[in-house]
Structure formats: structure tokens, C-alpha cells
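Enquirer: One structure is given below, represented as C-alpha cells, and several questions about it will come after.
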Amino acid sequence: FAYNEASFFLVRLLQSFSAVSLAPDAQPESSKPPPSWKDCKGRQATEKIMLGTHLTMYAKGGLWVRMKEAVIQDQT
């Protein structure tokens with residue numbers, strides 16, 4: 001039940017935004033990939049965040065984003 005309620009809340013929350021974008025200027029330096037990664041081949045060269053794993057996968061230092069509020073149109 002709690003998982004269902006949390007999923008419903010998250011979906012409703014995200015519906016109130018029209019755009020979500022990464023905010024690298026707000027990101028702590030410790031959470032950014034090292035500059036040497038830009039010279040690597042494959043996916044590593046395009047990464048903009050550092051991932052970590054413990055019991056689950058997570059974004060090290062948090063995932064800093066900017067959200068644009070959705071414009072609600074009148075349905076009448």
C-alpha cells in the first residue's frame with residue numbers, strides 16, 4: 001500500500017512540472033565526473049554525474065535539477 005501511495009504522489013508531483021533539466025552549476029564538485037573521463041571511449045565520456053551503489057544505485061552528491069512549473073490550462 002505504501003509503495004502504491006508513494007508512486008501516486010510522485011507521479012502527481014511530476015505532473016505539475018513541464019520540464020526538468022540538470023543543473024550542473026548547483027552540483028557539488030565532488031559529485032562531478034573527473035575531467036579525465038572526457039577522453040575515454042563510450043558512455044563514460046558523456047556522463048555528467050557520478051553514480052554510486054550500495055543496496056541501490058544513487059547519484060553521488062545528489063541529483064541537482066531545475067524544474068519548470070507547468071501552466072495549467074482551463075478546461076471550460
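Residues are named by chain letter and number: chains run A, B, ... in the order of the C-alpha cells, numbers start at 1 in each chain, and ligands are numbered from 1 in the order shown.
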Can you pull out the residues contacting region 2-18 of chain A? Cut-off 9 Å, using only C-alpha atoms, and skip same-chain residues under 2 positions away; I want them as a ChimeraX atom specification.
Expert: /A:20,67-72
Enquirer: Would you export the selected residues with C-alpha atoms as an mmCIF file, in the first residue's frame, please?
Expert:
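Output below, filename result04.cif:
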```cif
data_model
loop_
_atom_site.group_PDB
_atom_site.id
_atom_site.type_symbol
_atom_site.label_atom_id
_atom_site.label_comp_id
_atom_site.auth_asym_id
_atom_site.auth_seq_id
_atom_site.Cartn_x
_atom_site.Cartn_y
_atom_site.Cartn_z
ATOM 1 C CA VAL A 20 13.225 19.013 -15.836
ATOM 2 C CA MET A 67 12.129 22.258 -12.836
ATOM 3 C CA LYS A 68 9.818 24.498 -14.841
ATOM 4 C CA GLU A 69 6.313 24.832 -13.446
ATOM 5 C CA ALA A 70 3.615 23.610 -15.811
ATOM 6 C CA VAL A 71 0.972 26.044 -16.999
ATOM 7 C CA ILE A 72 -2.462 24.770 -16.070
#
```
Enquirer: Taking only region 3-75 of chain A into account, list the residues labelled strand (DSSP E) by DSSP (computed from the backbone), as JSON, numbers by chain.
Expert: {"A": [17, 18, 19, 20, 21, 22, 51, 52, 53, 57, 58, 59, 65, 66, 67, 68, 69]}
Enquirer: My list of candidates is A:Leu55, A:Val65, A:Asp74, A:Met50. Which is closest to Glu29 (chain A) when distances are computed with only C-alpha atoms?
Expert: A:Met50
Enquirer: Just list as number ranges by chain whatever in region 9-76 of chain A DSSP marks as helix (DSSP H, G or I).
Expert: A: 9-15, 29-31, 35-39, 42-46
Enquirer: Applying 12 Å and only C-alpha atoms, which residues near Trp37 (chain A) remain after dropping the ones on its own chain fewer than 6 positions away? List them as a list in words.
Expert: Arg43, Gln44, Ala45, Thr46, Glu47, Lys48, Ile49 and Met50 of chain A
Enquirer: The selected residues should be written to file as a PDB file, in the first residue's frame (atoms: N, CA and C atoms).
Expert:
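Dumped to again_35.pdb:
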```
ATOM      1  N   ARG A  43      30.310   5.439 -23.040  1.00  0.00           N
ATOM      2  CA  ARG A  43      29.370   6.200 -22.214  1.00  0.00           C
ATOM      3  C   ARG A  43      30.071   7.092 -21.189  1.00  0.00           C
ATOM      4  N   GLN A  44      31.220   6.658 -20.713  1.00  0.00           N
ATOM      5  CA  GLN A  44      31.935   7.389 -19.670  1.00  0.00           C
ATOM      6  C   GLN A  44      32.249   8.826 -20.100  1.00  0.00           C
ATOM      7  N   ALA A  45      32.513   9.058 -21.375  1.00  0.00           N
ATOM      8  CA  ALA A  45      32.859  10.390 -21.870  1.00  0.00           C
ATOM      9  C   ALA A  45      31.680  11.360 -21.829  1.00  0.00           C
ATOM     10  N   THR A  46      30.456  10.852 -21.800  1.00  0.00           N
ATOM     11  CA  THR A  46      29.285  11.735 -21.820  1.00  0.00           C
ATOM     12  C   THR A  46      28.622  11.900 -20.455  1.00  0.00           C
ATOM     13  N   GLU A  47      29.103  11.189 -19.438  1.00  0.00           N
ATOM     14  CA  GLU A  47      28.483  11.262 -18.111  1.00  0.00           C
ATOM     15  C   GLU A  47      28.614  12.658 -17.512  1.00  0.00           C
ATOM     16  N   LYS A  48      27.561  13.101 -16.835  1.00  0.00           N
ATOM     17  CA  LYS A  48      27.557  14.404 -16.180  1.00  0.00           C
ATOM     18  C   LYS A  48      27.407  14.281 -14.664  1.00  0.00           C
ATOM     19  N   ILE A  49      27.158  13.075 -14.176  1.00  0.00           N
ATOM     20  CA  ILE A  49      27.059  12.815 -12.741  1.00  0.00           C
ATOM     21  C   ILE A  49      27.843  11.551 -12.410  1.00  0.00           C
ATOM     22  N   MET A  50      28.178  11.407 -11.125  1.00  0.00           N
ATOM     23  CA  MET A  50      28.849  10.188 -10.654  1.00  0.00           C
ATOM     24  C   MET A  50      27.804   9.316  -9.976  1.00  0.00           C
TER      25      MET A  50
END
```
Enquirer: Identify, on the basis of only C-alpha atoms, every residue whose closest approach to Leu22 (chain A) does not exceed 8 Å; exclude the query and any residue fewer than 6 positions from it along the same chain; express the result as a ChimeraX atom specification.
Expert: /A:63-66
Enquirer: Keeping only C-alpha atoms, write the selected residues as a short mmCIF file (atom, residue, chain, number, x, y, z; two decimals), in the first residue's frame.
Expert:
```cif
data_model
loop_
_atom_site.label_atom_id
_atom_site.label_comp_id
_atom_site.auth_asym_id
_atom_site.auth_seq_id
_atom_site.Cartn_x
_atom_site.Cartn_y
_atom_site.Cartn_z
CA LEU A 63 20.86 14.90 -8.36
CA TRP A 64 20.56 18.67 -8.81
CA VAL A 65 17.86 19.70 -11.28
CA ARG A 66 15.84 22.71 -12.37
#
```
